[in-house]
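As stored in data-v5.cif (mmCIF, C-alpha atoms):
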data_query
loop_
_atom_site.label_atom_id
_atom_site.label_comp_id
_atom_site.auth_asym_id
_atom_site.auth_seq_id
_atom_site.Cartn_x
_atom_site.Cartn_y
_atom_site.Cartn_z
CA MET T 27 -131.41 3.43 53.82
CA GLY T 28 -134.98 4.62 54.07
CA VAL T 29 -136.07 1.02 54.65
CA ALA T 30 -133.56 0.65 57.46
CA LEU T 31 -134.79 3.83 59.10
CA VAL T 32 -138.43 2.87 58.89
CA LEU T 33 -137.61 -0.60 60.20
CA ALA T 34 -135.75 0.90 63.15
CA LEU T 35 -138.58 3.27 63.93
CA ILE T 36 -141.22 0.55 63.72
CA VAL T 37 -139.25 -2.17 65.46
CA ALA T 38 -138.04 0.06 68.26
CA PRO T 39 -141.41 0.85 69.90
CA GLU T 40 -142.36 -2.82 69.93
CA ASP T 41 -139.38 -3.72 72.05
CA ALA T 42 -139.52 -0.82 74.40
CA ASP T 43 -141.27 -2.29 77.39
CA GLN T 44 -139.75 0.04 79.96
CA GLY T 45 -142.21 2.82 79.33
CA ILE T 46 -142.33 5.37 76.60
CA SER T 47 -139.34 7.40 77.81
CA GLN T 48 -137.00 4.53 77.08
CA ARG T 49 -137.83 4.61 73.39
CA ILE T 50 -135.83 7.71 72.69
CA PHE T 51 -132.78 5.69 73.65
CA TYR T 52 -132.86 4.12 70.21
CA ILE T 53 -132.56 7.52 68.62
CA HIS T 54 -130.46 9.42 71.13
CA VAL T 55 -127.54 7.04 71.62
CA PRO T 56 -126.98 6.24 67.94
CA ILE T 57 -127.05 9.95 67.14
CA ALA T 58 -124.50 10.65 69.86
CA LEU T 59 -122.21 7.86 68.67
CA THR T 60 -122.55 9.08 65.10
CA ALA T 61 -121.64 12.60 66.16
CA TYR T 62 -118.45 11.32 67.81
CA PHE T 63 -117.75 9.34 64.70
CA CYS T 64 -118.16 12.42 62.49
CA PHE T 65 -115.85 14.48 64.71
CA GLY T 66 -113.30 11.70 64.60
CA LEU T 67 -113.59 11.46 60.83
CA GLY T 68 -113.17 15.23 60.50
CA ALA T 69 -110.02 15.12 62.61
CA LEU T 70 -108.67 12.18 60.63
CA LYS T 71 -109.17 14.05 57.36
CA ALA T 72 -107.56 17.08 58.98
CA LEU T 73 -104.54 14.95 59.87
CA PHE T 74 -104.36 13.73 56.27
CA LEU T 75 -104.48 17.32 55.09
CA LEU T 76 -101.54 18.34 57.25
CA TRP T 77 -99.66 15.20 56.38
CA ARG T 78 -100.16 14.87 52.64
CA ARG T 79 -100.95 18.52 51.88
CA ASP T 80 -103.82 17.59 49.62
CA GLU T 81 -106.44 20.31 49.27
CA ARG T 82 -109.32 17.91 48.86
CA TYR T 83 -109.14 16.76 52.48
CA ASP T 84 -110.01 20.26 53.62
CA LEU T 85 -113.53 20.06 52.24
CA GLU T 86 -113.99 16.51 53.49
CA SER T 87 -112.89 17.45 56.97
CA TYR T 88 -115.17 20.47 56.98
CA VAL T 89 -118.20 18.51 55.80
CA ALA T 90 -117.60 15.74 58.37
CA ILE T 91 -117.42 18.29 61.16
CA HIS T 92 -120.50 20.04 59.83
CA GLN T 93 -122.41 16.76 60.01
CA GLY T 94 -120.97 16.10 63.45
CA THR T 95 -122.19 19.44 64.70
CA ILE T 96 -125.67 18.83 63.32
CA PHE T 97 -125.81 15.43 64.99
CA GLY T 98 -124.35 16.95 68.14
CA ALA T 99 -127.15 19.51 68.24
CA LEU T 100 -129.67 16.70 67.73
CA THR T 101 -128.05 14.82 70.62
CA LEU T 102 -128.52 17.85 72.84
CA VAL T 103 -132.17 18.13 71.85
CA THR T 104 -133.02 14.44 72.21
CA GLY T 105 -130.97 14.16 75.40
CA SER T 106 -132.81 17.11 76.83
CA ILE T 107 -136.17 15.51 75.96
CA TRP T 108 -135.05 12.27 77.56
CA ALA T 109 -133.93 14.12 80.68
CA GLN T 110 -137.34 15.77 80.90
CA ALA T 111 -139.11 12.44 80.51
CA SER T 112 -137.06 10.42 82.98
CA TRP T 113 -135.82 12.98 85.53
CA GLY T 114 -138.45 15.70 85.11
CA VAL T 115 -135.98 18.44 84.21
CA TRP T 116 -135.00 19.74 80.81
CA TRP T 117 -131.38 20.11 81.69
CA ALA T 118 -129.27 18.18 84.19
CA TRP T 119 -125.68 19.27 84.77
CA SER T 120 -125.06 15.89 86.32
CA SER T 121 -125.47 14.14 83.01
CA ASN T 122 -121.89 13.86 81.80
CA GLN T 123 -122.78 13.15 78.23
CA LEU T 124 -125.03 16.17 77.87
CA VAL T 125 -122.49 18.56 79.36
CA LEU T 126 -119.76 17.11 77.20
CA PHE T 127 -121.89 17.62 74.13
CA LEU T 128 -122.57 21.20 75.13
CA VAL T 129 -118.82 21.88 75.41
CA LEU T 130 -118.17 20.17 72.09
CA PHE T 131 -121.02 22.01 70.46
CA LEU T 132 -119.55 25.35 71.56
CA PHE T 133 -116.12 24.24 70.42
CA TYR T 134 -117.26 23.26 66.94
CA CYS T 135 -119.37 26.39 66.56
CA ALA T 136 -116.12 28.27 67.15
CA TYR T 137 -114.61 26.12 64.41
CA PHE T 138 -117.14 27.56 61.96
CA MET T 139 -116.49 31.08 63.19
CA LEU T 140 -112.79 30.54 62.58
CA ARG T 141 -113.41 29.19 59.11
CA PHE T 142 -115.66 31.98 58.03
CA SER T 143 -113.40 34.72 59.31
CA LEU T 144 -110.26 33.55 57.51
CA GLU T 145 -109.49 34.19 53.86
CA GLU T 146 -109.97 31.19 51.65
CA GLY T 147 -106.77 29.34 50.84
CA PRO T 148 -104.23 26.82 52.12
CA ARG T 149 -103.72 28.77 55.33
CA ARG T 150 -107.38 28.59 56.21
CA ALA T 151 -107.38 24.90 55.44
CA ARG T 152 -104.45 24.30 57.74
CA SER T 153 -105.76 26.46 60.58
CA SER T 154 -109.11 24.67 60.48
CA ALA T 155 -107.33 21.34 60.40
CA VAL T 156 -105.27 22.22 63.47
CA TYR T 157 -108.40 23.32 65.30
CA ALA T 158 -110.19 20.10 64.32
CA LEU T 159 -107.30 18.11 65.75
CA PHE T 160 -107.58 20.04 69.00
CA GLY T 161 -111.21 18.93 69.05
CA VAL T 162 -110.43 15.24 69.33
CA ALA T 163 -107.90 15.96 72.04
CA LEU T 164 -110.55 17.99 73.84
CA ILE T 165 -113.10 15.15 73.89
CA PRO T 166 -111.31 12.85 76.37
CA VAL T 167 -109.80 15.73 78.34
CA SER T 168 -113.09 17.46 78.92
CA PHE T 169 -114.80 14.18 79.64
CA LEU T 170 -112.26 13.66 82.41
CA ALA T 171 -112.76 17.26 83.54
CA ILE T 172 -116.52 16.85 83.74
CA ARG T 173 -116.10 13.64 85.72
CA LEU T 174 -113.76 15.43 88.11
CA ALA T 175 -115.99 18.46 88.37
CA GLU T 176 -118.83 16.31 89.63
CA ASP T 177 -117.32 15.99 93.05
CA PHE T 178 -117.52 19.67 93.78
CA ILE T 179 -120.49 20.72 91.69
CA HIS T 180 -122.69 17.75 92.53
CA PRO T 181 -121.81 15.91 95.71
CA THR T 182 -124.61 13.44 95.05
CA VAL T 183 -124.32 11.93 91.62
CA PHE T 184 -127.37 10.83 89.73
CA THR T 185 -127.26 7.13 89.18
CA ARG T 186 -128.69 6.79 85.78
CA GLU T 187 -130.63 3.61 85.26
CA GLY T 188 -128.51 1.89 82.66
CA PRO T 189 -130.56 0.38 79.90
CA GLN T 190 -130.30 -3.35 80.53
CA MET T 191 -130.38 -4.63 77.03
CA SER T 192 -132.01 -7.93 76.31
CA GLY T 193 -131.35 -9.64 73.02
CA SER T 194 -134.15 -8.16 70.95
CA MET T 195 -133.54 -4.67 72.31
CA PHE T 196 -129.90 -4.97 71.42
CA VAL T 197 -130.84 -5.95 67.88
CA THR T 198 -133.13 -2.96 67.64
CA PHE T 199 -130.40 -0.74 68.97
CA CYS T 200 -127.94 -2.05 66.39
CA VAL T 201 -130.43 -1.57 63.56
CA ALA T 202 -131.08 1.98 64.74
CA TRP T 203 -127.39 2.64 65.01
CA ALA T 204 -126.72 1.31 61.54
CA ALA T 205 -129.58 3.40 60.18
CA VAL T 206 -128.34 6.61 61.76
CA THR T 207 -124.78 5.97 60.61
CA LEU T 208 -126.06 5.32 57.14
CA LEU T 209 -128.09 8.50 57.27
CA ALA T 210 -125.02 10.44 58.35
CA TYR T 211 -122.99 8.90 55.58
CA VAL T 212 -125.58 9.75 52.93
CA LEU T 213 -125.85 13.30 54.22
CA TYR T 214 -122.07 13.52 54.17
CA ARG T 215 -121.89 12.40 50.56
CA VAL T 216 -124.71 14.70 49.51
CA GLU T 217 -123.20 17.73 51.18
CA LEU T 218 -119.75 16.91 49.84
CA ALA T 219 -121.14 16.55 46.32
CA GLY T 220 -123.01 19.82 46.67
CA LYS T 221 -119.96 21.68 47.97
CA ARG T 222 -117.78 20.26 45.20
CA LEU T 223 -120.33 21.21 42.57
CA ASP T 224 -120.38 24.70 44.03
CA LEU T 225 -116.59 24.90 43.84
CA ASP T 226 -116.48 23.59 40.28
CA LEU T 227 -119.16 26.04 39.24
CA ARG T 228 -117.21 28.91 40.72
CA GLU T 229 -114.04 27.85 38.93
CA LEU T 230 -115.93 27.50 35.70
CA ARG T 231 -117.39 30.95 36.10
CA GLU T 232 -113.96 32.38 36.84
CA SER T 233 -112.49 30.82 33.74
CA LEU T 234 -115.36 32.03 31.56
CA ARG T 235 -114.97 35.59 32.69
CA MET S 13 -78.96 24.43 72.26
CA THR S 14 -79.51 26.87 69.44
CA TYR S 15 -83.23 26.11 69.75
CA LEU S 16 -83.24 27.34 73.34
CA ALA S 17 -81.18 30.36 72.35
CA ASP S 18 -83.74 31.20 69.66
CA VAL S 19 -86.59 30.87 72.14
CA ALA S 20 -84.79 33.05 74.65
CA ALA S 21 -84.09 35.70 72.02
CA LEU S 22 -87.73 35.76 70.92
CA THR S 23 -89.01 35.98 74.48
CA ARG S 24 -86.56 38.77 75.23
CA LYS S 25 -87.74 40.62 72.14
CA ASP S 26 -91.37 40.48 73.32
CA LEU S 27 -90.49 41.60 76.82
CA LYS S 28 -88.40 44.46 75.46
CA VAL S 29 -91.18 45.61 73.14
CA GLU S 30 -93.53 45.56 76.10
CA LEU S 31 -91.14 47.49 78.32
CA ARG S 32 -90.85 50.21 75.69
CA ALA S 33 -94.45 50.47 74.58
CA ARG S 34 -96.25 49.42 77.80
CA ASP S 35 -99.33 48.30 75.91
CA THR S 36 -100.29 45.05 77.54
CA LEU S 37 -99.14 44.67 81.12
CA PRO S 38 -100.71 47.82 82.62
CA ALA S 39 -103.97 46.97 80.85
CA MET S 40 -103.95 43.45 82.27
CA LEU S 41 -103.16 44.67 85.78
CA LEU S 42 -105.86 47.27 85.78
CA PHE S 43 -108.34 44.86 84.25
CA VAL S 44 -107.85 42.12 86.81
CA LEU S 45 -108.01 44.54 89.74
CA SER S 46 -111.16 46.23 88.52
CA THR S 47 -112.71 42.82 87.85
CA LEU S 48 -112.10 41.87 91.47
CA VAL S 49 -113.75 45.10 92.62
CA VAL S 50 -116.70 44.43 90.32
CA PHE S 51 -116.99 40.96 91.84
CA HIS S 52 -117.19 42.43 95.30
CA PHE S 53 -120.35 44.21 94.26
CA ALA S 54 -121.63 41.30 92.22
CA LEU S 55 -121.44 38.90 95.17
CA PRO S 56 -124.12 39.30 97.82
CA GLU S 57 -122.91 40.03 101.34
CA ASP S 58 -123.66 36.58 102.75
CA SER S 59 -122.37 34.51 99.82
CA SER S 60 -119.81 31.85 100.59
CA GLU S 61 -116.07 31.99 100.01
CA THR S 62 -116.45 29.15 97.53
CA ALA S 63 -118.24 31.46 95.11
CA ALA S 64 -115.32 33.89 95.34
CA TYR S 65 -112.90 31.18 94.18
CA GLY S 66 -115.05 30.57 91.15
CA LEU S 67 -115.03 34.25 90.32
CA LEU S 68 -111.25 34.40 90.74
CA TRP S 69 -111.02 31.89 87.92
CA VAL S 70 -113.30 33.91 85.71
CA ALA S 71 -111.02 36.87 86.32
CA ILE S 72 -107.89 34.86 85.53
CA ILE S 73 -109.25 33.49 82.27
CA PHE S 74 -110.43 36.86 81.02
CA THR S 75 -107.19 38.57 81.98
CA ALA S 76 -105.29 35.93 80.04
CA LEU S 77 -107.59 36.52 77.06
CA LEU S 78 -106.88 40.23 77.25
CA GLY S 79 -103.15 39.57 77.16
CA LEU S 80 -103.46 37.04 74.35
CA SER S 81 -105.55 39.31 72.16
CA ARG S 82 -102.66 41.79 72.23
CA ALA S 83 -100.00 39.12 71.78
CA TRP S 84 -99.65 39.07 68.00
CA VAL S 85 -100.74 42.63 67.30
CA PRO S 86 -97.22 44.12 67.06
CA GLU S 87 -96.19 41.29 64.75
CA HIS S 88 -99.08 41.99 62.41
CA GLU S 89 -98.89 45.75 62.45
CA HIS S 90 -95.27 45.84 61.38
CA GLY S 91 -95.11 42.65 59.34
CA VAL S 92 -92.72 41.07 61.83
CA LEU S 93 -94.32 37.67 61.53
CA ASP S 94 -93.24 37.25 57.91
CA GLY S 95 -89.68 38.01 58.96
CA LEU S 96 -89.86 35.56 61.82
CA VAL S 97 -91.21 32.80 59.62
CA LEU S 98 -88.37 33.42 57.16
CA ALA S 99 -85.76 33.43 59.91
CA PRO S 100 -83.54 30.35 60.02
CA CYS S 101 -85.00 28.92 63.21
CA ASP S 102 -87.53 26.26 63.98
CA ARG S 103 -91.04 27.72 63.66
CA SER S 104 -92.19 26.24 66.93
CA ALA S 105 -89.58 28.43 68.65
CA ILE S 106 -91.75 31.43 67.66
CA TRP S 107 -94.70 29.86 69.44
CA LEU S 108 -92.66 28.96 72.51
CA GLY S 109 -91.19 32.45 72.72
CA LYS S 110 -94.62 34.03 72.49
CA ALA S 111 -96.12 31.64 75.02
CA LEU S 112 -93.33 32.35 77.51
CA ALA S 113 -93.65 36.11 77.08
CA THR S 114 -97.43 35.94 77.57
CA LEU S 115 -96.90 33.72 80.59
CA ALA S 116 -94.52 36.31 82.05
CA PHE S 117 -97.16 39.05 81.61
CA LEU S 118 -99.86 36.89 83.12
CA LEU S 119 -97.72 35.95 86.11
CA ALA S 120 -96.82 39.61 86.63
CA ALA S 121 -100.50 40.57 86.57
CA GLN S 122 -101.30 37.80 89.03
CA ALA S 123 -98.48 38.83 91.34
CA ALA S 124 -100.69 41.84 92.01
CA ALA S 125 -104.08 40.17 91.63
CA LEU S 126 -103.64 37.18 93.94
CA PRO S 127 -102.59 39.21 97.02
CA ALA S 128 -105.51 41.51 96.28
CA PHE S 129 -107.81 38.49 96.13
CA VAL S 130 -106.54 37.21 99.48
CA LEU S 131 -107.01 40.68 100.95
CA PHE S 132 -110.53 41.21 99.58
CA PHE S 133 -112.06 37.74 99.58
CA ALA S 134 -110.51 34.51 100.80
CA PRO S 135 -107.15 32.83 101.52
CA LEU S 136 -105.31 30.70 98.98
CA ASP S 137 -103.19 27.72 99.96
CA ALA S 138 -100.13 26.26 98.26
CA THR S 139 -102.07 23.74 96.14
CA ALA S 140 -104.27 26.53 94.82
CA LEU S 141 -101.17 28.49 93.82
CA VAL S 142 -99.73 25.48 92.01
CA GLY S 143 -103.10 25.15 90.28
CA VAL S 144 -102.93 28.79 89.17
CA LEU S 145 -99.41 28.31 87.82
CA LEU S 146 -100.29 25.15 85.88
CA ALA S 147 -103.47 26.66 84.47
CA ASP S 148 -101.48 29.74 83.39
CA ILE S 149 -99.06 27.52 81.51
CA GLY S 150 -101.93 25.71 79.85
CA ILE S 151 -103.80 28.79 78.77
CA CYS S 152 -100.67 30.52 77.45
CA ALA S 153 -99.67 27.42 75.49
CA VAL S 154 -103.06 26.91 73.86
CA GLY S 155 -103.89 30.60 73.69
CA SER S 156 -100.72 31.63 71.85
CA LEU S 157 -101.52 29.20 69.06
CA MET S 158 -105.19 30.22 68.92
CA ALA S 159 -104.24 33.89 68.95
CA ALA S 160 -101.92 33.32 65.99
CA MET S 161 -104.81 31.66 64.17
CA ALA S 162 -107.29 34.36 65.10
CA ALA S 163 -104.86 37.16 64.21
CA ALA S 164 -105.09 36.19 60.55
CA GLY S 165 -108.88 36.47 60.62
CA ARG S 166 -111.08 39.43 59.98
CA SER S 167 -112.52 39.80 63.46
CA ARG S 168 -109.70 38.69 65.70
CA GLU S 169 -110.83 40.37 68.92
CA VAL S 170 -114.17 38.58 68.76
CA LEU S 171 -112.80 35.32 67.48
CA LEU S 172 -110.15 34.68 70.11
CA PRO S 173 -112.43 34.22 73.15
CA LEU S 174 -114.70 31.96 71.10
CA LEU S 175 -111.77 29.77 70.16
CA VAL S 176 -110.16 29.67 73.58
CA LEU S 177 -113.08 29.42 76.03
CA PRO S 178 -114.28 25.90 75.12
CA LEU S 179 -110.68 24.73 75.35
CA ALA S 180 -110.27 26.49 78.70
CA ILE S 181 -113.22 24.78 80.39
CA PRO S 182 -111.09 21.83 81.63
CA LEU S 183 -108.58 24.36 82.99
CA ILE S 184 -111.30 26.08 84.97
CA VAL S 185 -112.47 22.76 86.35
CA GLY S 186 -108.93 21.90 87.40
CA GLY S 187 -108.23 25.35 88.82
CA VAL S 188 -111.40 25.64 90.86
CA GLY S 189 -110.97 22.06 92.04
CA SER S 190 -107.42 22.71 93.20
CA ALA S 191 -108.66 25.68 95.24
CA ILE S 192 -111.73 24.20 96.92
CA SER S 193 -111.70 20.42 96.66
CA ALA S 194 -110.71 18.26 99.61
CA ASP S 195 -108.78 16.08 97.20
CA ALA S 196 -106.93 18.91 95.48
CA GLU S 197 -103.90 16.91 94.32
CA ARG S 198 -106.04 15.08 91.79
CA PHE S 199 -106.97 18.36 90.16
CA VAL S 200 -103.36 19.51 90.10
CA LEU S 201 -102.45 16.24 88.40
CA PHE S 202 -105.24 16.78 85.91
CA LEU S 203 -103.94 20.28 85.14
CA GLY S 204 -100.49 18.82 84.57
CA LEU S 205 -101.96 16.29 82.17
CA TYR S 206 -103.83 18.99 80.28
CA ASP S 207 -100.68 21.10 79.99
CA GLY S 208 -98.72 18.15 78.68
CA VAL S 209 -101.27 17.13 76.06
CA PHE S 210 -102.07 20.57 74.73
CA ALA S 211 -98.54 21.98 74.91
CA VAL S 212 -97.25 19.13 72.75
CA LEU S 213 -100.17 19.53 70.36
CA SER S 214 -99.67 23.30 70.03
CA TRP S 215 -95.93 22.92 69.72
CA ALA S 216 -96.31 20.42 66.90
CA SER S 217 -99.01 22.26 64.98
CA PHE S 218 -97.81 25.87 65.15
CA GLU S 219 -95.79 25.58 61.98
CA TYR S 220 -98.91 24.80 59.94
CA VAL S 221 -100.69 27.88 61.21
CA VAL S 222 -98.11 30.49 60.28
CA THR S 223 -96.63 29.23 57.04
CA GLU S 224 -98.22 30.18 53.75
#
So that I can check it, write out the structure of this file as structure tokens.
Amino acid sequence: MGVALVLALIVAPEDADQGISQRIFYIHVPIALTAYFCFGLGALKALFLLWRRDERYDLESYVAIHQGTIFGALTLVTGSIWAQASWGVWWAWSSNQLVLFLVLFLFYCAYFMLRFSLEEGPRRARSSAVYALFGVALIPVSFLAIRLAEDFIHPTVFTREGPQMSGSMFVTFCVAWAAVTLLAYVLYRVELAGKRLDLDLRELRESLR
Amino acid sequence: MTYLADVAALTRKDLKVELRARDTLPAMLLFVLSTLVVFHFALPEDSSETAAYGLLWVAIIFTALLGLSRAWVPEHEHGVLDGLVLAPCDRSAIWLGKALATLAFLLAAQAAALPAFVLFFAPLDATALVGVLLADIGICAVGSLMAAMAAAGRSREVLLPLLVLPLAIPLIVGGVGSAISADAERFVLFLGLYDGVFAVLSWASFEYVVTE
């Protein structure tokens, strides 16, 4: 995975011939896609939890959403840097993706608030799962809302210069995407293993007492 | 049929409790009116009417939050929720009853607030009123479920707005759009879509939130 990352980072600048600001594209877009993927995974595990009533999905759903939130925050940061480089402002309300990520970021922060304020147990697991499911419903709905809102908040819409991808750039993009997804997956496994170890340790301690 | 009878009984129970205790409705009324007065001073003299519509929506959302934060308090104080969950009715009927009762309070508060808004700030047309109604339905549907989730937590008063506000952002977009946009029907349609999606989702998932 490290090799893939290094490759992506070294290959990417070579192909970026549209000026330095375009280079962040190789980081920003894969991170954003990975964040969506993590949220989707979290919701899927949440659905499994409600469906099969298996406790282990709770932790998996939580960890996936945790990763998603981290990648979401990174998307906000890199997107903001990109906005500064290409439009000269740190924040542009006309950028649908950025606004959507801000809404999602707030939503999933509330998810953690909910989790930490409830007592541990099956009820907390189910409440979090329900909230995670609301999250995936919120993504398309608020995307639509932000699109609609444009016509009264911003009469003139930014036309964002779409990255015309030539073959080699597309390859670079795919490598970067694969690397980020792999990174997310490894982080997911590591955190899951850590959380499980923590849980086992606590149980062990309880039984020793 | 029995399902509807259950829902009606639960709604009636909430309305009756409110009529006897008078905890929620007067608070909501007073809150929304004083918010409008605060907005008068917050808006500069020469600001446009469009800004006032935006503030109306802030007032509506926060009034709804005020009502929702009280919604499950009687149930928790007297352990009614356990009884309701044990009762031989579909659990989602509890949610529907609560959402309808909250909607009734919110509509009652707005019956005073909207004329006051027209009097103080700017006129509202029929599409805007439909927008208000649809957004009320949406926020009561989602909010009743979230309030039930938050009520089990340690810091429910703080938690509820955090849970509801990100979900309410599309409602605000739709509501403001239906009041000021030239193409208001699109926003009304969008509000209808939101209500449909989230009402079904809340209806289906309520059972998981209240059962142990």
Please determine an axis-aligned box that encloses all atoms of stretch 96-109 of chain T listed in the file, with 8 Å added on each side, and express its centre and edge lengths in Å to one decimal as JSON.
{"center_x": -130.3, "center_y": 15.9, "center_z": 72.0, "size_x": 27.8, "size_y": 23.2, "size_z": 33.4}
Given the file shown, determine the residues that the PyMOL selection byres ((chain T) within 7 of (chain S)) selects; report them as a PDB file with C-alpha atoms, in the coordinates of the input.
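Output saved as result21.pdb:
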ATOM      1  CA  VAL T 129    -118.820  21.880  75.410  1.00  0.00           C
ATOM      2  CA  LEU T 132    -119.550  25.350  71.560  1.00  0.00           C
ATOM      3  CA  PHE T 133    -116.120  24.240  70.420  1.00  0.00           C
ATOM      4  CA  ALA T 136    -116.120  28.270  67.150  1.00  0.00           C
ATOM      5  CA  LEU T 140    -112.790  30.540  62.580  1.00  0.00           C
ATOM      6  CA  SER T 143    -113.400  34.720  59.310  1.00  0.00           C
ATOM      7  CA  LEU T 144    -110.260  33.550  57.510  1.00  0.00           C
ATOM      8  CA  ARG T 149    -103.720  28.770  55.330  1.00  0.00           C
ATOM      9  CA  ARG T 152    -104.450  24.300  57.740  1.00  0.00           C
ATOM     10  CA  SER T 153    -105.760  26.460  60.580  1.00  0.00           C
ATOM     11  CA  VAL T 156    -105.270  22.220  63.470  1.00  0.00           C
ATOM     12  CA  LEU T 164    -110.550  17.990  73.840  1.00  0.00           C
ATOM     13  CA  SER T 168    -113.090  17.460  78.920  1.00  0.00           C
ATOM     14  CA  ALA T 171    -112.760  17.260  83.540  1.00  0.00           C
ATOM     15  CA  ALA T 175    -115.990  18.460  88.370  1.00  0.00           C
ATOM     16  CA  PHE T 178    -117.520  19.670  93.780  1.00  0.00           C
TER      17      PHE T 178
END
The PyMOL selection byres ((chain T and resi 55) around 10) resolved against shown file, as a list in words: Ile50, Phe51, Tyr52, Ile53, His54, Pro56, Ile57, Ala58, Leu59, Thr60, Ala61, Thr101, Thr104, Gly105, Phe199, Ala202, Trp203 and Val206 of chain T
Mind pulling up the distance from atom CA of S:Thr62 to atom CA of S:Thr139? 15.4 Å
Between atom CA of T:Ala90 and atom CA of T:Arg215, what is the distance in Å, rounded to a tenth?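 Atom-to-atom, atom CA of T:Ala90 and atom CA of T:Arg215 are spaced 9.5 Å apart.
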Translate the PyMOL selection byres ((chain S and resi 76-80) around 9), as applied to the file shown, into an explicit residue set as a ChimeraX atom specification. /S:36-37,39-40,43,71-75,81-84,114-115,117-118,148,151-152,155-156,158-159,172-173,176
Requested write-out: C-alpha atoms of the selected residues, as a JSON list (two decimals), keeping the file's coordinate frame:
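Result written to selection16.json:
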[["chain", "number", "residue", "atom", "x", "y", "z"],
["S", 36, "THR", "CA", -100.29, 45.05, 77.54],
["S", 37, "LEU", "CA", -99.14, 44.67, 81.12],
["S", 39, "ALA", "CA", -103.97, 46.97, 80.85],
["S", 40, "MET", "CA", -103.95, 43.45, 82.27],
["S", 43, "PHE", "CA", -108.34, 44.86, 84.25],
["S", 71, "ALA", "CA", -111.02, 36.87, 86.32],
["S", 72, "ILE", "CA", -107.89, 34.86, 85.53],
["S", 73, "ILE", "CA", -109.25, 33.49, 82.27],
["S", 74, "PHE", "CA", -110.43, 36.86, 81.02],
["S", 75, "THR", "CA", -107.19, 38.57, 81.98],
["S", 81, "SER", "CA", -105.55, 39.31, 72.16],
["S", 82, "ARG", "CA", -102.66, 41.79, 72.23],
["S", 83, "ALA", "CA", -100.00, 39.12, 71.78],
["S", 84, "TRP", "CA", -99.65, 39.07, 68.00],
["S", 114, "THR", "CA", -97.43, 35.94, 77.57],
["S", 115, "LEU", "CA", -96.90, 33.72, 80.59],
["S", 117, "PHE", "CA", -97.16, 39.05, 81.61],
["S", 118, "LEU", "CA", -99.86, 36.89, 83.12],
["S", 148, "ASP", "CA", -101.48, 29.74, 83.39],
["S", 151, "ILE", "CA", -103.80, 28.79, 78.77],
["S", 152, "CYS", "CA", -100.67, 30.52, 77.45],
["S", 155, "GLY", "CA", -103.89, 30.60, 73.69],
["S", 156, "SER", "CA", -100.72, 31.63, 71.85],
["S", 158, "MET", "CA", -105.19, 30.22, 68.92],
["S", 159, "ALA", "CA", -104.24, 33.89, 68.95],
["S", 172, "LEU", "CA", -110.15, 34.68, 70.11],
["S", 173, "PRO", "CA", -112.43, 34.22, 73.15],
["S", 176, "VAL", "CA", -110.16, 29.67, 73.58]]
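The spacing separating atom CA of S:Ala196 from atom CA of S:Ala138 amounts to 10.4 Å.
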Distance query 6 Å from (-107.6, 42.2, 93.0) using all atoms listed in the file, result as an NGL selection string: :S and (45 or 48 or 125 or 128-129)
Near S:Asp18, within 10 Å and counting only C-alpha atoms, which residues show up once chain neighbours fewer than 6 positions away are dropped, as a PyMOL selection string? chain S and resi 24+100-102+105-106+108-109
Which residues come within 8 Å of T:Asn122, counting all atoms listed in the file, excluding same-chain residues fewer than 5 positions away, as a PDB file with C-alpha atoms, keeping the file's coordinate frame?
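Writing done, so here's around_12.pdb:
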ATOM      1  CA  PHE T 169    -114.800  14.180  79.640  1.00  0.00           C
ATOM      2  CA  ILE T 172    -116.520  16.850  83.740  1.00  0.00           C
ATOM      3  CA  ARG T 173    -116.100  13.640  85.720  1.00  0.00           C
TER       4      ARG T 173
END
Can you work out which one of T:Ala205, T:Leu102, T:Leu174, T:Ile96 has the shortest atom-to-atom distance to T:Phe127, counting all atoms listed in the file?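 That would be T:Leu102, the residue with the smallest distance to T:Phe127.
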